[in-house]
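Here's the structure, in structure tokens; my notes come after.
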Number of protein chains: 2
Amino acid sequence: MPQGKPAVVPDDGLTTRQRRGRPLLLVHTGPGKGKSTAAFGLALRAWNQGWPVGVFQFVKSAKWRVGEERALKVLGESGEGGTVAWHKMGEGWSWIKKSGTEADHAADAREGWAQIRRDLAAETYRLYVLDEFTYPLKWGWIDVGEVVDTLAGRPGNQHVVITGREAPPALLEVADLITEMTKVRHPMDTGQKGQKGIEW
Amino acid sequence: MPQGKPAVVPDDGLTTRQRRGRPLLLVHTGPGKGKSTAAFGLALRAWNQGWPVGVFQFVKSAKWRVGEERALKVLGESGEGGTVAWHKMGEGWSWIKKSGTEADHAADAREGWAQIRRDLAAETYRLYVLDEFTYPLKWGWIDVGEVVDTLAGRPGNQHVVITGREAPPALLEVADLITEMTKVRHPMDTGQKGQKGIEW
């Protein structure tokens with residue numbers, strides 16, 4: 001609920017308009033729900049502005065994000081807002097189901113990151129959703145320093161939102177906006193399993 | 001990132017299937033970003049399931065939610081998923097702009113709540129997004145006890161997500177899922193104003 005009044009006005013020689021246009025790196029982290037859901041909600045705003053949106057799904061199970069994927073594809077094809085490109089790392093690949101070896105998964109993740117680098121260099125999208133991207137960083141599959149350098153040096157006006165638990169400190173260091181989602185109570189605490197329409 | 005394994009299996013005589021189908025009350029609260037954005041992300045999943053979705057926007061400015069509103073309307077009219085009904089309390093009304101008196105705003109909010117009660121009784125929707133609904137509760141415009149009783153006694157299988165800061169304790173008491181969004185860093189801290197595609 002920002003009130004439109006920044007806490008301080010920086011002495012950086014930029015106009016308000018220039019500061020408004022600054023490309024942002026957003027991180028949604030923490031153990032609570034809503035990290036990815038909020039990122040896909042953000043994609044609705046980007047779509048509404050007519051921006052090309054690129055989703056890169058570093059995710060654990062094929063069932064995940066089916067709702068978001070279908071919704072964003074329908075929006076992208078509606079001809080009303082921006083376009084949506086949806087990339088799944090190693091299509092059908094699952095961390096839970098243990099298909100493939102860890103080396104395969106690491107290679108898939110690196111391939112996804114290589115694509116992101118190419119797209120950032122080419123300014124393919126205006127908003128990038130790197131969903132669950134903290135995990136390959138945490139596991140050392142992708143080098144955090146390289147990610148930080150690439151993001152810091154990205155050209156033009158490209159916004160990036162990264163989701164996932166335990167975002168590495170070096171990534172948080174360069175983020176413009178960090179939101180931590182904290183679990184206060186979850187139905188699974190009282191024995192309820194996830195349900196369609198809510199969890200996926 | 002629930003792993004599909006509840007922490008405990010309750011001795012409530014219900015099958016997993018029955019527990020899966022339990023109607024949920026979700027609350028997104030706290031001072032951080034993403035409370036409403038995550039609720040609208042959830043609406044994408046509901047839409048994908050073909051559920052009728054009702055949004056009730058208790059919100060401060062006409063510019064807010066324009067992206068989400070347009071996206072959900074396009075989805076609702078696509079004929080691919082569920083329907084979407086979007087209600088704005090006192091259309092065009094703004095808490096920031098001080099149009100109307102406080103009495104008018106309170107009356108608008110109560111009117112919105114009366115509509116929600118009617119819809120819950122009639123089982124009009126499968127997912128209700130009560131956006132920024134904590135504020136009229138906090139300000140005493142709508143009685144928290146009545147809201148809690150109405151939600152606790154709602155018929156059928158209707159999910160409700162309520163967003164906003166400072167959710168009243170009595171509401172949290174009956175919530176199935178509570179996520180607190182905490183602000184770790186925000187561009188406004190360093191003097192950057194909100195920008196289109198990100199804040200709205």
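The way I read the labels, and the way they are meant: chains A, B, ... in the order of the structure tokens, residue 1 as the first residue of every chain, and ligand 1 as the first ligand shown, with later ones counted on from there.
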* Sel. of strand (DSSP E or B) residues, stretch 53-150 of chain B, as number ranges by chain -> B: 53-57, 84-88, 127-131
* For stretch 169-184 of chain A, please output as a PyMOL selection string all residues within 9 Å (counting only C-alpha atoms; exclusion window: fewer than 5 positions along the same chain). => (chain A and resi 24-35+144-145+147-148+151-152) or (chain B and resi 32-34+177-187)
For the selection you just gave me, I'd like the residues written to a file as a compact mmCIF listing (two decimals), in the first residue's frame, keeping C-alpha atoms.
# COMPACT_ATOMS: atom_id res chain seq x y z
CA LEU A 24 13.81 -3.19 -11.07
CA LEU A 25 15.05 -6.45 -9.63
CA LEU A 26 12.44 -7.90 -7.28
CA VAL A 27 12.92 -10.89 -5.01
CA HIS A 28 10.07 -12.80 -3.33
CA THR A 29 11.55 -15.09 -0.72
CA GLY A 30 10.78 -16.67 2.67
CA PRO A 31 8.99 -19.86 3.74
CA GLY A 32 5.41 -18.61 3.30
CA LYS A 33 2.94 -18.92 0.45
CA GLY A 34 2.48 -16.33 -2.24
CA LYS A 35 6.02 -15.87 -3.55
CA VAL A 144 25.43 -16.63 -8.05
CA GLY A 145 28.22 -14.20 -8.92
CA VAL A 147 23.82 -14.07 -12.07
CA VAL A 148 24.45 -10.91 -10.06
CA LEU A 151 21.53 -8.73 -13.80
CA ALA A 152 23.52 -5.67 -12.74
CA GLY B 32 5.08 -5.99 2.62
CA LYS B 33 4.17 -6.11 -1.04
CA GLY B 34 2.37 -8.98 -2.69
CA LEU B 177 -4.07 -20.07 5.97
CA ILE B 178 -2.31 -16.87 7.01
CA THR B 179 0.65 -15.44 5.13
CA GLU B 180 2.42 -12.38 6.40
CA MET B 181 4.22 -10.32 3.78
CA THR B 182 7.19 -8.50 5.27
CA LYS B 183 8.95 -5.63 3.57
CA VAL B 184 12.67 -6.21 3.53
CA ARG B 185 13.53 -3.51 1.00
CA HIS B 186 11.45 -1.27 -1.22
CA PRO B 187 12.52 1.16 -3.97
Excluding A:Val66 and residues on its chain fewer than 2 positions from it, collect all residues at most 10 Å away from it, counting only C-alpha atoms, and give them as a JSON list (two decimals) with C-alpha atoms, in the first residue's frame.
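Contents of out33.json, freshly written:
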[["chain", "number", "residue", "atom", "x", "y", "z"],
["A", 62, "ALA", "CA", 4.46, -30.74, -13.88],
["A", 63, "LYS", "CA", 1.21, -30.03, -12.02],
["A", 64, "TRP", "CA", 2.55, -26.79, -10.59],
["A", 68, "GLU", "CA", -1.02, -19.57, -14.14],
["A", 69, "GLU", "CA", 0.42, -20.99, -17.34],
["A", 70, "ARG", "CA", -2.96, -21.41, -19.03],
["A", 71, "ALA", "CA", -4.18, -18.00, -17.84],
["A", 72, "LEU", "CA", -1.07, -16.17, -19.03],
["A", 197, "GLY", "CA", -7.67, -24.22, -7.51],
["A", 200, "TRP", "CA", -2.23, -25.33, -8.34],
["B", 44, "LEU", "CA", -5.80, -17.44, -12.01],
["B", 45, "ARG", "CA", -5.82, -20.95, -10.54],
["B", 48, "ASN", "CA", -8.29, -22.39, -14.63],
["B", 49, "GLN", "CA", -10.49, -24.80, -12.66]]
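The two atoms in question, atom CA of B:Gly82 and atom CA of B:Trp47, are spaced 4.5 Å apart.
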* Asked: Hey, can you check how far atom CA of B:Lys73 sits from atom CA of B:Thr163?
  ->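 Straight-line distance from atom CA of B:Lys73 to atom CA of B:Thr163 works out to 20.1 Å.
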* Asked: Looking at A:Leu120, A:Leu137, A:Ala39, A:Met89, which one is nearest to chain B, with distances taken over only C-alpha atoms?
  ->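 Among the listed residues, the smallest separation from chain B belongs to A:Ala39.
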* Counting only C-alpha atoms, what is within 8 Å of A:Lys88, bar same-chain residues fewer than 5 positions away, as a PyMOL selection string? -> chain A and resi 56-59
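Atom to atom, atom CA of A:Gly156 and atom CA of A:Val53 stand 14.9 Å apart.
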* Run DSSP on the backbone and give me the residues of stretch 25-183 of chain A it puts in alpha helix (DSSP H), as a ChimeraX atom specification. => /A:35-48,66-77,102-122,134-138,144-152,169-174
Once you have the residues from the selection above, write them out as a tab-separated table (two decimals), in the first residue's frame, restricted to C-alpha atoms.
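See out-v3.tsv below for the written result:
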chain	number	residue	atom	x	y	z
A	35	LYS	CA	6.02	-15.87	-3.55
A	36	SER	CA	5.29	-17.19	-7.03
A	37	THR	CA	1.61	-16.30	-6.95
A	38	ALA	CA	2.51	-12.65	-6.40
A	39	ALA	CA	5.04	-12.81	-9.24
A	40	PHE	CA	2.35	-14.08	-11.61
A	41	GLY	CA	0.01	-11.38	-10.31
A	42	LEU	CA	2.70	-8.88	-11.27
A	43	ALA	CA	2.77	-10.40	-14.74
A	44	LEU	CA	-0.89	-9.35	-15.11
A	45	ARG	CA	0.12	-5.72	-14.65
A	46	ALA	CA	2.96	-6.07	-17.15
A	47	TRP	CA	0.59	-7.71	-19.64
A	48	ASN	CA	-1.87	-4.85	-19.15
A	66	VAL	CA	-0.89	-25.12	-14.64
A	67	GLY	CA	-3.44	-22.43	-13.78
A	68	GLU	CA	-1.02	-19.57	-14.14
A	69	GLU	CA	0.42	-20.99	-17.34
A	70	ARG	CA	-2.96	-21.41	-19.03
A	71	ALA	CA	-4.18	-18.00	-17.84
A	72	LEU	CA	-1.07	-16.17	-19.03
A	73	LYS	CA	-1.13	-17.99	-22.37
A	74	VAL	CA	-4.79	-17.06	-22.93
A	75	LEU	CA	-3.94	-13.45	-22.06
A	76	GLY	CA	-0.87	-13.44	-24.28
A	77	GLU	CA	-2.93	-14.70	-27.21
A	102	GLU	CA	21.13	-34.57	-10.46
A	103	ALA	CA	23.66	-33.86	-13.20
A	104	ASP	CA	20.78	-33.78	-15.72
A	105	HIS	CA	18.82	-31.36	-13.55
A	106	ALA	CA	21.83	-29.11	-13.08
A	107	ALA	CA	22.40	-29.10	-16.84
A	108	ASP	CA	18.73	-28.25	-17.47
A	109	ALA	CA	18.92	-25.39	-15.01
A	110	ARG	CA	22.11	-24.05	-16.60
A	111	GLU	CA	20.55	-24.26	-20.02
A	112	GLY	CA	17.60	-22.21	-18.74
A	113	TRP	CA	19.94	-19.62	-17.32
A	114	ALA	CA	21.89	-19.45	-20.61
A	115	GLN	CA	18.59	-18.68	-22.38
A	116	ILE	CA	17.80	-15.95	-19.86
A	117	ARG	CA	21.23	-14.39	-20.49
A	118	ARG	CA	20.62	-14.40	-24.23
A	119	ASP	CA	17.19	-12.84	-23.79
A	120	LEU	CA	18.48	-10.15	-21.41
A	121	ALA	CA	21.24	-9.27	-23.89
A	122	ALA	CA	18.71	-9.10	-26.73
A	134	THR	CA	16.75	-19.53	-5.94
A	135	TYR	CA	17.03	-23.34	-5.79
A	136	PRO	CA	19.55	-23.91	-8.59
A	137	LEU	CA	21.52	-21.02	-7.08
A	138	LYS	CA	21.39	-22.52	-3.61
A	144	VAL	CA	25.43	-16.63	-8.05
A	145	GLY	CA	28.22	-14.20	-8.92
A	146	GLU	CA	27.54	-14.62	-12.61
A	147	VAL	CA	23.82	-14.07	-12.07
A	148	VAL	CA	24.45	-10.91	-10.06
A	149	ASP	CA	26.85	-9.52	-12.67
A	150	THR	CA	24.51	-10.34	-15.52
A	151	LEU	CA	21.53	-8.73	-13.80
A	152	ALA	CA	23.52	-5.67	-12.74
A	169	PRO	CA	22.71	-12.95	0.22
A	170	ALA	CA	24.64	-11.76	-2.86
A	171	LEU	CA	21.37	-11.68	-4.81
A	172	LEU	CA	19.51	-9.83	-2.06
A	173	GLU	CA	22.37	-7.33	-1.98
A	174	VAL	CA	21.54	-6.11	-5.51
* Between A:Pro155, A:Pro52, A:Gln195, A:Ile142, which one has atoms that come closest to chain B, using only C-alpha atoms? ->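 When distances to chain B are compared using only C-alpha atoms, the smallest one comes from A:Gln195.
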* Structure fact -> Using only C-alpha atoms, the shortest atom-to-atom distance to chain B among A:Asp131, A:Ile198, A:Trp139, A:Asn157 belongs to A:Ile198
* Among listed residues A:His159, A:Leu130, A:Ala167, A:Trp86, nearest chain B (using only C-alpha atoms) -> A:His159
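The residue that comes closest to chain A, out of B:Thr83, B:Ser78, B:Gln158, B:Thr124 and on the basis of only C-alpha atoms, is B:Ser78.
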* Go through B:Glu166, B:Gly54, B:Asp143, B:Gly79 and flag the residue nearest B:Glu123, using only C-alpha atoms for the distances. =>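 Using only C-alpha atoms, B:Glu123 sits closest to B:Gly54.
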